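Asker: Structure file protein_28.cif, mmCIF, C-alpha atoms, is pasted below:
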data_my_file
#
loop_
_atom_site.group_PDB
_atom_site.id
_atom_site.type_symbol
_atom_site.label_atom_id
_atom_site.label_comp_id
_atom_site.auth_asym_id
_atom_site.auth_seq_id
_atom_site.Cartn_x
_atom_site.Cartn_y
_atom_site.Cartn_z
ATOM 1 C CA MET A 1 44.476 13.634 -15.606
ATOM 2 C CA LEU A 2 46.773 11.228 -17.449
ATOM 3 C CA VAL A 3 49.016 12.922 -19.970
ATOM 4 C CA PRO A 4 49.748 10.993 -23.186
ATOM 5 C CA THR A 5 53.400 9.928 -23.048
ATOM 6 C CA LYS A 6 53.930 9.829 -26.805
ATOM 7 C CA LYS A 7 52.451 13.212 -27.543
ATOM 8 C CA VAL A 8 53.659 16.779 -27.261
ATOM 9 C CA VAL A 9 51.506 19.791 -26.491
ATOM 10 C CA GLN A 10 51.350 23.280 -27.961
ATOM 11 C CA ARG A 11 49.586 26.093 -26.148
ATOM 12 C CA TRP A 12 48.606 29.533 -27.398
ATOM 13 C CA LYS A 13 45.894 32.177 -27.129
ATOM 14 C CA ILE A 14 43.301 33.225 -29.704
ATOM 15 C CA PRO A 15 44.365 36.569 -31.280
ATOM 16 C CA ASP A 16 42.032 39.567 -31.237
ATOM 17 C CA PHE A 17 41.380 39.570 -34.987
ATOM 18 C CA LEU A 18 40.013 35.999 -34.852
ATOM 19 C CA ASN A 19 37.507 36.695 -32.069
ATOM 20 C CA GLY A 20 34.363 34.623 -32.666
ATOM 21 C CA ILE A 21 35.935 32.103 -35.062
ATOM 22 C CA ARG A 22 34.705 28.495 -34.962
ATOM 23 C CA ALA A 23 37.089 26.021 -33.328
ATOM 24 C CA ASP A 24 37.483 23.917 -36.492
ATOM 25 C CA HIS A 25 38.092 27.003 -38.663
ATOM 26 C CA TYR A 26 40.692 28.272 -36.219
ATOM 27 C CA LEU A 27 42.521 24.938 -36.158
ATOM 28 C CA VAL A 28 42.703 24.957 -39.963
ATOM 29 C CA TYR A 29 43.969 28.560 -39.872
ATOM 30 C CA HIS A 30 46.592 28.017 -37.189
ATOM 31 C CA VAL A 31 47.910 24.618 -38.236
ATOM 32 C CA GLY A 32 47.653 25.039 -41.985
ATOM 33 C CA ARG A 33 47.795 22.308 -44.608
ATOM 34 C CA ILE A 34 44.878 20.392 -43.082
ATOM 35 C CA SER A 35 41.291 20.198 -44.249
ATOM 36 C CA ARG A 36 38.294 21.260 -42.184
ATOM 37 C CA ASN A 37 37.252 17.593 -41.982
ATOM 38 C CA LYS A 38 40.675 16.699 -40.540
ATOM 39 C CA ALA A 39 40.368 19.538 -38.010
ATOM 40 C CA GLN A 40 36.964 18.262 -36.912
ATOM 41 C CA LYS A 41 38.387 14.779 -36.374
ATOM 42 C CA ILE A 42 41.204 16.200 -34.253
ATOM 43 C CA ILE A 43 38.651 18.067 -32.135
ATOM 44 C CA GLU A 44 36.414 15.002 -31.812
ATOM 45 C CA SER A 45 39.389 12.971 -30.582
ATOM 46 C CA GLY A 46 39.923 15.474 -27.751
ATOM 47 C CA ASP A 47 43.369 16.527 -28.972
ATOM 48 C CA PHE A 48 42.354 20.187 -29.359
ATOM 49 C CA ARG A 49 41.117 21.756 -26.130
ATOM 50 C CA LEU A 50 39.957 24.987 -24.561
ATOM 51 C CA GLU A 51 41.285 25.634 -21.067
ATOM 52 C CA TYR A 52 42.250 21.937 -20.773
ATOM 53 C CA ARG A 53 38.692 20.844 -21.634
ATOM 54 C CA PRO A 54 37.430 19.145 -24.805
ATOM 55 C CA LEU A 55 35.226 21.278 -27.032
ATOM 56 C CA LYS A 56 32.978 20.993 -30.076
ATOM 57 C CA ALA A 57 33.977 21.914 -33.625
ATOM 58 C CA SER A 58 31.233 24.550 -33.737
ATOM 59 C CA LYS A 59 32.400 26.256 -30.532
ATOM 60 C CA ARG A 60 32.988 29.990 -31.057
ATOM 61 C CA LEU A 61 36.342 31.013 -29.607
ATOM 62 C CA LYS A 62 36.958 34.397 -28.018
ATOM 63 C CA ALA A 63 40.040 36.597 -28.193
ATOM 64 C CA GLY A 64 42.428 35.563 -25.428
ATOM 65 C CA ASP A 65 40.983 32.044 -25.007
ATOM 66 C CA PRO A 66 43.779 29.614 -24.027
ATOM 67 C CA VAL A 67 43.799 26.572 -26.304
ATOM 68 C CA GLU A 68 46.101 23.592 -26.629
ATOM 69 C CA LEU A 69 46.834 20.929 -29.220
ATOM 70 C CA TRP A 70 48.117 17.462 -28.364
ATOM 71 C CA ARG A 71 49.852 15.539 -31.107
ATOM 72 C CA THR A 72 52.356 12.827 -31.901
ATOM 73 C CA PRO A 73 55.670 14.212 -33.196
ATOM 74 C CA PRO A 74 55.354 13.749 -36.966
ATOM 75 C CA ASP A 75 58.953 14.155 -38.063
ATOM 76 C CA SER A 76 62.539 13.340 -37.138
ATOM 77 C CA PRO A 77 64.379 15.393 -34.501
ATOM 78 C CA LYS A 78 67.557 15.324 -36.606
ATOM 79 C CA VAL A 79 68.202 18.761 -38.135
ATOM 80 C CA GLU A 80 71.900 18.420 -38.926
ATOM 81 C CA HIS A 81 71.150 18.444 -42.646
ATOM 82 C CA LEU A 82 69.335 21.787 -42.477
ATOM 83 C CA GLN A 83 71.331 24.664 -43.938
ATOM 84 C CA VAL A 84 70.078 28.013 -42.663
ATOM 85 C CA PRO A 85 72.267 30.931 -43.833
ATOM 86 C CA VAL A 86 72.862 33.745 -41.340
ATOM 87 C CA VAL A 87 72.490 37.214 -42.881
ATOM 88 C CA HIS A 88 73.486 39.302 -39.855
ATOM 89 C CA GLU A 89 74.540 38.539 -36.294
ATOM 90 C CA ASP A 90 75.324 40.813 -33.364
ATOM 91 C CA ALA A 91 74.520 41.120 -29.652
ATOM 92 C CA ARG A 92 70.846 41.929 -30.332
ATOM 93 C CA PHE A 93 69.999 40.284 -33.663
ATOM 94 C CA LEU A 94 70.295 37.001 -35.472
ATOM 95 C CA VAL A 95 68.880 37.521 -38.962
ATOM 96 C CA ILE A 96 68.586 34.470 -41.165
ATOM 97 C CA ASN A 97 67.789 33.742 -44.805
ATOM 98 C CA LYS A 98 65.057 31.157 -44.256
ATOM 99 C CA PRO A 99 65.069 28.376 -46.848
ATOM 100 C CA GLY A 100 61.851 27.606 -48.659
ATOM 101 C CA ASN A 101 59.816 24.688 -47.316
ATOM 102 C CA LEU A 102 61.029 25.232 -43.758
ATOM 103 C CA ALA A 103 58.350 26.009 -41.178
ATOM 104 C CA VAL A 104 59.142 28.732 -38.643
ATOM 105 C CA HIS A 105 57.039 27.269 -35.828
ATOM 106 C CA PRO A 106 55.758 23.731 -35.118
ATOM 107 C CA SER A 107 52.598 22.592 -36.881
ATOM 108 C CA ALA A 108 50.581 19.419 -37.284
ATOM 109 C CA ARG A 109 53.082 18.135 -39.846
ATOM 110 C CA TYR A 110 56.341 19.551 -38.516
ATOM 111 C CA LEU A 111 57.717 19.611 -34.991
ATOM 112 C CA TYR A 112 61.453 19.216 -35.386
ATOM 113 C CA GLN A 113 61.957 20.324 -38.994
ATOM 114 C CA THR A 114 61.318 23.936 -38.008
ATOM 115 C CA LEU A 115 63.363 27.075 -37.599
ATOM 116 C CA THR A 116 62.612 27.268 -33.874
ATOM 117 C CA HIS A 117 64.004 23.754 -33.341
ATOM 118 C CA TRP A 118 67.043 24.599 -35.486
ATOM 119 C CA LEU A 119 67.676 27.642 -33.281
ATOM 120 C CA LYS A 120 67.465 25.560 -30.103
ATOM 121 C CA THR A 121 69.867 23.011 -31.596
ATOM 122 C CA ASN A 122 72.437 25.465 -32.960
ATOM 123 C CA TYR A 123 72.184 28.110 -30.220
ATOM 124 C CA PRO A 124 71.484 26.024 -27.108
ATOM 125 C CA GLY A 125 70.525 27.969 -24.025
ATOM 126 C CA GLU A 126 70.190 31.289 -25.880
ATOM 127 C CA PRO A 127 66.806 33.083 -25.819
ATOM 128 C CA ILE A 128 66.629 33.602 -29.585
ATOM 129 C CA HIS A 129 63.113 34.161 -30.938
ATOM 130 C CA PRO A 130 61.696 34.916 -34.410
ATOM 131 C CA CYS A 131 59.933 38.304 -34.369
ATOM 132 C CA HIS A 132 57.603 37.705 -37.313
ATOM 133 C CA ARG A 133 56.381 34.902 -39.535
ATOM 134 C CA LEU A 134 56.942 33.673 -43.037
ATOM 135 C CA ASP A 135 54.834 30.968 -44.652
ATOM 136 C CA ARG A 136 56.600 27.616 -44.663
ATOM 137 C CA GLU A 137 57.063 27.768 -48.445
ATOM 138 C CA THR A 138 58.257 31.396 -48.461
ATOM 139 C CA SER A 139 62.019 31.948 -48.299
ATOM 140 C CA GLY A 140 64.014 34.981 -47.243
ATOM 141 C CA VAL A 141 64.844 37.464 -44.501
ATOM 142 C CA LEU A 142 63.547 36.625 -41.041
ATOM 143 C CA ILE A 143 64.536 38.669 -37.987
ATOM 144 C CA CYS A 144 65.267 36.897 -34.709
ATOM 145 C CA THR A 145 66.276 38.707 -31.520
ATOM 146 C CA ARG A 146 68.534 37.706 -28.643
ATOM 147 C CA ASP A 147 66.946 39.581 -25.734
ATOM 148 C CA ALA A 148 63.438 40.293 -24.503
ATOM 149 C CA GLN A 149 63.670 44.077 -24.831
ATOM 150 C CA THR A 150 64.734 44.003 -28.479
ATOM 151 C CA GLU A 151 62.116 41.350 -29.227
ATOM 152 C CA SER A 152 59.400 43.542 -27.724
ATOM 153 C CA GLN A 153 60.580 46.635 -29.647
ATOM 154 C CA VAL A 154 60.695 44.829 -32.977
ATOM 155 C CA LYS A 155 57.326 43.136 -32.520
ATOM 156 C CA ARG A 156 55.699 46.448 -31.581
ATOM 157 C CA ALA A 157 57.212 48.039 -34.679
ATOM 158 C CA PHE A 158 55.814 45.251 -36.857
ATOM 159 C CA MET A 159 52.362 45.636 -35.299
ATOM 160 C CA ALA A 160 52.471 49.397 -35.836
ATOM 161 C CA GLY A 161 53.450 49.011 -39.489
ATOM 162 C CA LYS A 162 56.741 50.819 -38.960
ATOM 163 C CA ILE A 163 58.904 48.159 -40.584
ATOM 164 C CA GLU A 164 59.331 48.184 -44.349
ATOM 165 C CA LYS A 165 59.267 44.780 -46.006
ATOM 166 C CA THR A 166 60.074 44.019 -49.629
ATOM 167 C CA TYR A 167 59.344 40.714 -51.331
ATOM 168 C CA TRP A 168 60.131 39.248 -54.724
ATOM 169 C CA ALA A 169 57.405 37.165 -56.339
ATOM 170 C CA LEU A 170 57.413 35.221 -59.572
ATOM 171 C CA VAL A 171 53.945 35.492 -61.091
ATOM 172 C CA GLU A 172 52.049 34.059 -64.028
ATOM 173 C CA GLY A 173 51.689 36.358 -67.025
ATOM 174 C CA ARG A 174 53.274 39.625 -68.075
ATOM 175 C CA PHE A 175 53.183 42.194 -65.274
ATOM 176 C CA ALA A 176 53.516 45.298 -67.419
ATOM 177 C CA LYS A 177 53.263 48.253 -65.045
ATOM 178 C CA SER A 178 53.351 49.218 -61.367
ATOM 179 C CA LEU A 179 50.117 49.152 -59.425
ATOM 180 C CA SER A 180 48.806 49.486 -55.879
ATOM 181 C CA CYS A 181 46.170 47.050 -54.619
ATOM 182 C CA SER A 182 43.947 48.050 -51.694
ATOM 183 C CA ARG A 183 41.307 45.309 -51.834
ATOM 184 C CA PRO A 184 40.036 44.461 -48.297
ATOM 185 C CA LEU A 185 40.558 40.836 -47.301
ATOM 186 C CA ALA A 186 38.792 38.391 -44.982
ATOM 187 C CA LEU A 187 39.025 34.698 -44.171
ATOM 188 C CA GLN A 188 36.784 32.675 -46.443
ATOM 189 C CA GLY A 189 35.748 30.331 -43.627
ATOM 190 C CA ALA A 190 32.588 28.382 -44.453
ATOM 191 C CA ARG A 191 31.980 30.385 -47.638
ATOM 192 C CA GLY A 192 34.151 28.040 -49.699
ATOM 193 C CA LEU A 193 36.042 24.763 -49.751
ATOM 194 C CA VAL A 194 39.217 26.085 -48.083
ATOM 195 C CA ALA A 195 38.552 27.973 -44.845
ATOM 196 C CA ILE A 196 42.008 29.587 -44.592
ATOM 197 C CA LYS A 197 41.809 31.253 -48.004
ATOM 198 C CA MET A 198 41.708 35.045 -47.937
ATOM 199 C CA ILE A 199 39.053 36.543 -50.208
ATOM 200 C CA GLU A 200 38.025 40.051 -51.168
ATOM 201 C CA ASP A 201 35.361 41.243 -48.763
ATOM 202 C CA PRO A 202 34.069 44.834 -48.425
ATOM 203 C CA ASN A 203 33.685 44.174 -44.698
ATOM 204 C CA GLY A 204 37.154 42.675 -44.397
ATOM 205 C CA LEU A 205 40.398 44.118 -43.094
ATOM 206 C CA SER A 206 41.911 47.072 -44.922
ATOM 207 C CA CYS A 207 44.991 46.109 -46.935
ATOM 208 C CA GLN A 208 47.458 47.716 -49.307
ATOM 209 C CA THR A 209 50.252 46.217 -51.372
ATOM 210 C CA ASP A 210 52.375 48.089 -53.922
ATOM 211 C CA PHE A 211 53.762 46.151 -56.894
ATOM 212 C CA ARG A 212 56.547 46.991 -59.362
ATOM 213 C CA PRO A 213 57.591 44.813 -62.325
ATOM 214 C CA LEU A 214 61.269 43.853 -62.464
ATOM 215 C CA PHE A 215 61.679 41.374 -65.325
ATOM 216 C CA TYR A 216 59.550 39.427 -67.805
ATOM 217 C CA ASP A 217 60.556 36.128 -69.421
ATOM 218 C CA PRO A 218 58.614 35.532 -72.662
ATOM 219 C CA VAL A 219 59.558 31.844 -72.770
ATOM 220 C CA SER A 220 57.976 30.903 -69.445
ATOM 221 C CA HIS A 221 55.504 33.820 -69.591
ATOM 222 C CA TRP A 222 56.439 34.620 -65.990
ATOM 223 C CA SER A 223 57.221 37.997 -64.426
ATOM 224 C CA LEU A 224 59.399 38.901 -61.461
ATOM 225 C CA VAL A 225 57.577 41.478 -59.320
ATOM 226 C CA GLU A 226 58.739 43.558 -56.356
ATOM 227 C CA CYS A 227 56.038 43.581 -53.656
ATOM 228 C CA THR A 228 55.830 46.107 -50.827
ATOM 229 C CA PRO A 229 53.041 45.345 -48.338
ATOM 230 C CA LYS A 230 51.911 48.395 -46.367
ATOM 231 C CA THR A 231 49.822 46.199 -44.039
ATOM 232 C CA GLY A 232 50.467 42.707 -42.719
ATOM 233 C CA ARG A 233 47.416 40.544 -43.331
ATOM 234 C CA GLN A 234 47.493 36.794 -43.751
ATOM 235 C CA HIS A 235 48.365 35.753 -47.327
ATOM 236 C CA GLN A 236 48.153 39.419 -48.319
ATOM 237 C CA ILE A 237 50.663 39.396 -51.178
ATOM 238 C CA ARG A 238 49.458 36.044 -52.504
ATOM 239 C CA ALA A 239 45.785 37.027 -52.376
ATOM 240 C CA HIS A 240 46.282 40.504 -53.846
ATOM 241 C CA LEU A 241 48.356 39.210 -56.760
ATOM 242 C CA ALA A 242 45.767 36.529 -57.535
ATOM 243 C CA LEU A 243 42.924 39.055 -57.359
ATOM 244 C CA GLU A 244 44.785 41.300 -59.810
ATOM 245 C CA GLY A 245 45.136 38.364 -62.225
ATOM 246 C CA TYR A 246 48.790 37.483 -61.514
ATOM 247 C CA PRO A 247 48.899 34.483 -59.134
ATOM 248 C CA ILE A 248 52.273 33.434 -57.780
ATOM 249 C CA VAL A 249 53.849 30.565 -59.688
ATOM 250 C CA GLY A 250 53.558 27.338 -57.679
ATOM 251 C CA ASP A 251 50.983 28.695 -55.209
ATOM 252 C CA LYS A 252 48.900 25.619 -54.425
ATOM 253 C CA LEU A 253 45.908 27.636 -53.235
ATOM 254 C CA TYR A 254 45.696 30.927 -55.127
ATOM 255 C CA ALA A 255 47.184 29.714 -58.431
ATOM 256 C CA MET A 256 46.224 26.028 -58.549
ATOM 257 C CA GLY A 257 42.782 26.494 -56.994
ATOM 258 C CA GLU A 258 40.827 25.339 -53.960
ATOM 259 C CA GLU A 259 40.146 21.817 -55.210
ATOM 260 C CA TYR A 260 43.844 21.247 -55.864
ATOM 261 C CA PHE A 261 44.799 22.667 -52.466
ATOM 262 C CA ASP A 262 42.206 20.490 -50.732
ATOM 263 C CA ALA A 263 43.577 17.425 -52.514
ATOM 264 C CA TYR A 264 47.133 18.485 -51.587
ATOM 265 C CA THR A 265 46.298 18.668 -47.879
ATOM 266 C CA LYS A 266 44.942 15.120 -48.124
ATOM 267 C CA GLY A 267 48.020 13.826 -49.958
ATOM 268 C CA GLU A 268 45.976 13.193 -53.112
ATOM 269 C CA ALA A 269 47.198 15.955 -55.452
ATOM 270 C CA ASN A 270 49.118 15.352 -58.661
ATOM 271 C CA LEU A 271 52.419 17.040 -57.811
ATOM 272 C CA THR A 272 53.723 16.725 -61.367
ATOM 273 C CA SER A 273 51.232 19.405 -62.417
ATOM 274 C CA LEU A 274 53.020 22.003 -60.274
ATOM 275 C CA PRO A 275 55.247 24.359 -62.307
ATOM 276 C CA LEU A 276 57.506 24.748 -59.238
ATOM 277 C CA PRO A 277 57.759 22.640 -56.062
ATOM 278 C CA ARG A 278 56.773 25.610 -53.863
ATOM 279 C CA GLN A 279 55.265 29.066 -54.191
ATOM 280 C CA ALA A 280 57.788 31.466 -55.722
ATOM 281 C CA LEU A 281 57.786 34.130 -52.981
ATOM 282 C CA HIS A 282 60.945 35.451 -51.330
ATOM 283 C CA ALA A 283 61.336 38.015 -48.525
ATOM 284 C CA LYS A 284 64.056 40.125 -50.113
ATOM 285 C CA ARG A 285 64.570 42.996 -47.658
ATOM 286 C CA VAL A 286 63.511 44.247 -44.216
ATOM 287 C CA CYS A 287 64.233 47.805 -43.024
ATOM 288 C CA LEU A 288 63.665 49.148 -39.518
ATOM 289 C CA ASP A 289 64.695 51.956 -37.196
ATOM 290 C CA LEU A 290 65.622 50.993 -33.662
ATOM 291 C CA ASP A 291 66.938 53.359 -30.975
ATOM 292 C CA GLY A 292 67.868 55.921 -33.607
ATOM 293 C CA GLU A 293 69.779 53.447 -35.776
ATOM 294 C CA LYS A 294 68.579 52.211 -39.169
ATOM 295 C CA TYR A 295 68.949 48.533 -40.013
ATOM 296 C CA VAL A 296 68.645 47.094 -43.498
ATOM 297 C CA PHE A 297 68.693 43.313 -43.787
ATOM 298 C CA GLU A 298 68.738 41.807 -47.279
ATOM 299 C CA ALA A 299 69.013 38.276 -48.624
ATOM 300 C CA GLY A 300 69.266 36.934 -52.129
ATOM 301 C CA HIS A 301 68.177 33.608 -53.572
ATOM 302 C CA PRO A 302 69.925 31.932 -56.524
ATOM 303 C CA PHE A 303 66.661 31.088 -58.312
ATOM 304 C CA PHE A 304 65.212 34.615 -58.133
ATOM 305 C CA ASP A 305 68.610 36.203 -58.822
ATOM 306 C CA ALA A 306 69.040 34.069 -61.952
ATOM 307 C CA PHE A 307 65.559 34.965 -63.187
ATOM 308 C CA ALA A 308 66.182 38.673 -62.611
ATOM 309 C CA MET A 309 69.249 38.494 -64.874
ATOM 310 C CA GLY A 310 67.481 36.475 -67.565
ATOM 311 C CA GLU A 311 69.616 33.443 -66.761
ATOM 312 C CA LEU A 312 67.055 31.036 -65.311
ATOM 313 C CA GLY A 313 68.591 28.252 -67.401
ATOM 314 C CA ARG A 314 71.662 28.196 -65.176
ATOM 315 C CA TYR A 315 69.559 27.336 -62.118
ATOM 316 C CA SER A 316 69.085 23.569 -62.299
ATOM 317 C CA ASN A 317 68.569 22.481 -58.681
ATOM 318 C CA LEU A 318 64.798 22.894 -58.341
ATOM 319 C CA GLU A 319 64.683 20.232 -55.632
ATOM 320 C CA GLN A 320 66.426 22.733 -53.341
ATOM 321 C CA PHE A 321 64.222 25.653 -54.411
#
Output the file's structure in the form of structure tokens.

Answerer:
Amino acid sequence: MLVPTKKVVQRWKIPDFLNGIRADHYLVYHVGRISRNKAQKIIESGDFRLEYRPLKASKRLKAGDPVELWRTPPDSPKVEHLQVPVVHEDARFLVINKPGNLAVHPSARYLYQTLTHWLKTNYPGEPIHPCHRLDRETSGVLICTRDAQTESQVKRAFMAGKIEKTYWALVEGRFAKSLSCSRPLALQGARGLVAIKMIEDPNGLSCQTDFRPLFYDPVSHWSLVECTPKTGRQHQIRAHLALEGYPIVGDKLYAMGEEYFDAYTKGEANLTSLPLPRQALHAKRVCLDLDGEKYVFEAGHPFFDAFAMGELGRYSNLEQF
């Protein structure tokens, strides 16, 4: 078989919780920021394959199926301009404060402008790997490990729900009192315009997120909320806040709506209508116990810090938000 010389390939396996998902729905879920129609065109072109073989958009994928995506590198390999602050560094950990609008792993739109490529560039030859994910637009604490044993321990702890994560979210409206949301969530799939949206579903995955108000600004009518997810579902914080009537400011899907998000993925959205250039969600703190030692990793952000002190007016660089 001839391999395209101007394309790169990504390979992965279908996770257990997506067993039975359609190929086009999975591609939308995994890649993100593409429409179902775009996913179908990618599949029809033969660039998304199952076990090296072309497949149909309607093909149901099974847990563990090996799939691959061929694509042309969409962005520049130069990452010298990227500024990624390091929160903590030792022989086992490299913990970073991920900037907003930086993807962790490659996607259809980003190959080089990613955290993984930045790690390879700035720590050449070192086996440093992110142990969890943050949405591209979400900023904050992200744990990377420097050896396979630590990576395995941390990932198992995340899967077992033994790691405490705290986020700060800026939401629309006045968030007056603490609440706990336990609405079950499921992928919307073919039930709506945007397949990757998480919706409330009595047959969905169990979820719980605790929320606590921190500060309210009557001028913007926005609230800063502390979010503590007890489970780790896709879009959990974003979906739960929207379902409770407090969507995250700048969230193109859960605040702006499906039609806006669909237009955004096609490059047709009116960006001037966005109150912020990205969703206002920040991973503030991660706590874990490892080999009898407790680690607490915390990272601030000038925008959220200014809002928390009622001094949002002193933060003027929204382009870097």

Asker: I'd like to see the residues matched by the PyMOL selection byres ((chain A and resi 26) around 10) on this file, and ideally I'd get them as number ranges by chain.

Answerer: A: 14, 18-25, 27-32, 36, 39, 57, 60-61, 189, 195-196

Asker: Please, which residues are within 7 Å of (62.3, 26.3, -45.0) by the file's coordinates, counting only C-alpha atoms, and could they come as a list in words?

Answerer: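 Counting only C-alpha atoms, I find these residues within 7 Å of (62.3, 26.3, -45.0): Lys98, Pro99, Gly100, Asn101, Leu102, Ala103, Arg136, Glu137 and Ser139 of chain A.
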
Asker: Given the PyMOL selection byres ((chain A and resi 198) around 6) and the file above, list the residues it selects as a PyMOL selection string.

Answerer: chain A and resi 185-188+197+199

Asker: I need the residue set behind the PyMOL selection byres ((chain A and resi 116) around 8) for this file; please write it as a ChimeraX atom specification.

Answerer: /A:104-106,114-115,117-120,129-130

Asker: How many Å lie between CA of Pro85 in chain A and CA of His301 in chain A, rounded to one decimal?

Answerer: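 It comes out at 10.9 Å.
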
Asker: One number please: CA of Leu253 in chain A to CA of Val194 in chain A, in Å, one decimal.

Answerer: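 Taking CA of Leu253 in chain A and CA of Val194 in chain A, their separation equals 8.6 Å.
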
Asker: Between A:Ser206, A:Gln153, A:Thr265, A:Thr121, which has the minimum distance to Gln236 in chain A (counting only C-alpha atoms)?

Answerer: A:Ser206

Asker: Please return, as a ChimeraX atom specification, all polymer residues that have at least one atom within 8 Å of the point (54.2, 46.4, -59.6); use all atoms listed in the file and the file's own coordinate frame.

Answerer: /A:175-180,210-213,225-227

Asker: From the list A:Pro184, A:Arg71, A:Glu126, A:Leu205, which residue is nearest Phe17 in chain A when using all atoms listed in the file?

Answerer: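 With all atoms listed in the file as the atom set, the closest residue is A:Leu205.
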
Asker: Can you work out which one of A:Pro127, A:Gln149, A:Leu69, A:Gly310 has the shortest atom-to-atom distance to Asp291 in chain A, counting only C-alpha atoms?

Answerer: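 The closest residue to Asp291 in chain A is A:Gln149.
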
Asker: Hey, which of A:Gly232, A:Pro15, A:Pro124, A:Gly267 ends up closest to Ile163 in chain A? Count all atoms listed in the file.

Answerer: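 Selected residue with least distance to Ile163 in chain A: A:Gly232.
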
Asker: Figure out the distance between CA of Leu290 in chain A and CA of Ala91 in chain A, please, to one decimal in Å.

Answerer: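 Distance reported for this atom pair: 13.9 Å.
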
Asker: Name the closest residue to Leu224 in chain A among the candidates A:Lys13, A:Lys38, A:Arg174, A:Lys162; distances are taken between atoms, counting all atoms listed in the file.

Answerer: A:Arg174

Asker: Report, as JSON, the centre and edge lengths in Å (one decimal) of the axis-aligned box enclosing every listed atom of range 55-74 of chain A, padded by 5 Å on each side.

Answerer:
{"center_x": 43.5, "center_y": 24.7, "center_z": -30.5, "size_x": 34.4, "size_y": 33.8, "size_z": 22.9}

Asker: So that I can check the surroundings of Pro302 in chain A, please list as JSON, numbers by chain every protein, DNA and RNA residue that reaches within 12 Å of it, counting all atoms listed in the file and ignoring chain neighbours fewer than 2 positions away.

Answerer: {"A": [99, 139, 140, 282, 284, 299, 300, 304, 305, 306, 307, 308, 309, 311, 312, 313, 314, 315, 316, 317, 318, 320, 321]}

Asker: Using all atoms listed in the file for the distances, tell me which of A:Lys62, A:Arg278, A:Lys165, A:Lys41 is nearest to Asp16 in chain A.

Answerer: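 Using all atoms listed in the file, Asp16 in chain A sits closest to A:Lys62.
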
Asker: Kindly add N, CA and C atoms to the incomplete range 269-283 of chain A and provide the output as a CSV table (one decimal), keeping the file's coordinate frame.

Answerer:
chain,number,residue,atom,x,y,z
A,269,ALA,N,47.0,15.1,-54.3
A,269,ALA,CA,47.2,16.0,-55.5
A,269,ALA,C,48.3,15.4,-56.4
A,270,ASN,N,48.1,15.7,-57.7
A,270,ASN,CA,49.1,15.4,-58.7
A,270,ASN,C,50.2,16.4,-58.6
A,271,LEU,N,51.3,16.1,-58.0
A,271,LEU,CA,52.4,17.0,-57.8
A,271,LEU,C,53.1,17.3,-59.1
A,272,THR,N,53.0,16.5,-60.1
A,272,THR,CA,53.7,16.7,-61.4
A,272,THR,C,53.1,17.9,-62.1
A,273,SER,N,51.9,18.3,-61.7
A,273,SER,CA,51.2,19.4,-62.4
A,273,SER,C,51.7,20.8,-61.9
A,274,LEU,N,52.5,20.8,-60.8
A,274,LEU,CA,53.0,22.0,-60.3
A,274,LEU,C,54.2,22.5,-61.1
A,275,PRO,N,54.1,23.8,-61.5
A,275,PRO,CA,55.2,24.4,-62.3
A,275,PRO,C,56.5,24.5,-61.5
A,276,LEU,N,56.4,24.7,-60.2
A,276,LEU,CA,57.5,24.7,-59.2
A,276,LEU,C,57.1,24.0,-58.0
A,277,PRO,N,58.1,23.4,-57.2
A,277,PRO,CA,57.8,22.6,-56.1
A,277,PRO,C,57.2,23.4,-54.9
A,278,ARG,N,57.3,24.8,-54.9
A,278,ARG,CA,56.8,25.6,-53.9
A,278,ARG,C,56.4,26.9,-54.5
A,279,GLN,N,55.7,27.7,-53.7
A,279,GLN,CA,55.3,29.1,-54.2
A,279,GLN,C,56.5,30.0,-54.3
A,280,ALA,N,56.6,30.7,-55.4
A,280,ALA,CA,57.8,31.5,-55.7
A,280,ALA,C,57.7,32.8,-55.1
A,281,LEU,N,57.8,32.9,-53.7
A,281,LEU,CA,57.8,34.1,-53.0
A,281,LEU,C,59.0,34.2,-52.1
A,282,HIS,N,59.7,35.3,-52.1
A,282,HIS,CA,60.9,35.5,-51.3
A,282,HIS,C,61.0,36.8,-50.6
A,283,ALA,N,61.2,36.8,-49.3
A,283,ALA,CA,61.3,38.0,-48.5
A,283,ALA,C,62.7,38.6,-48.8
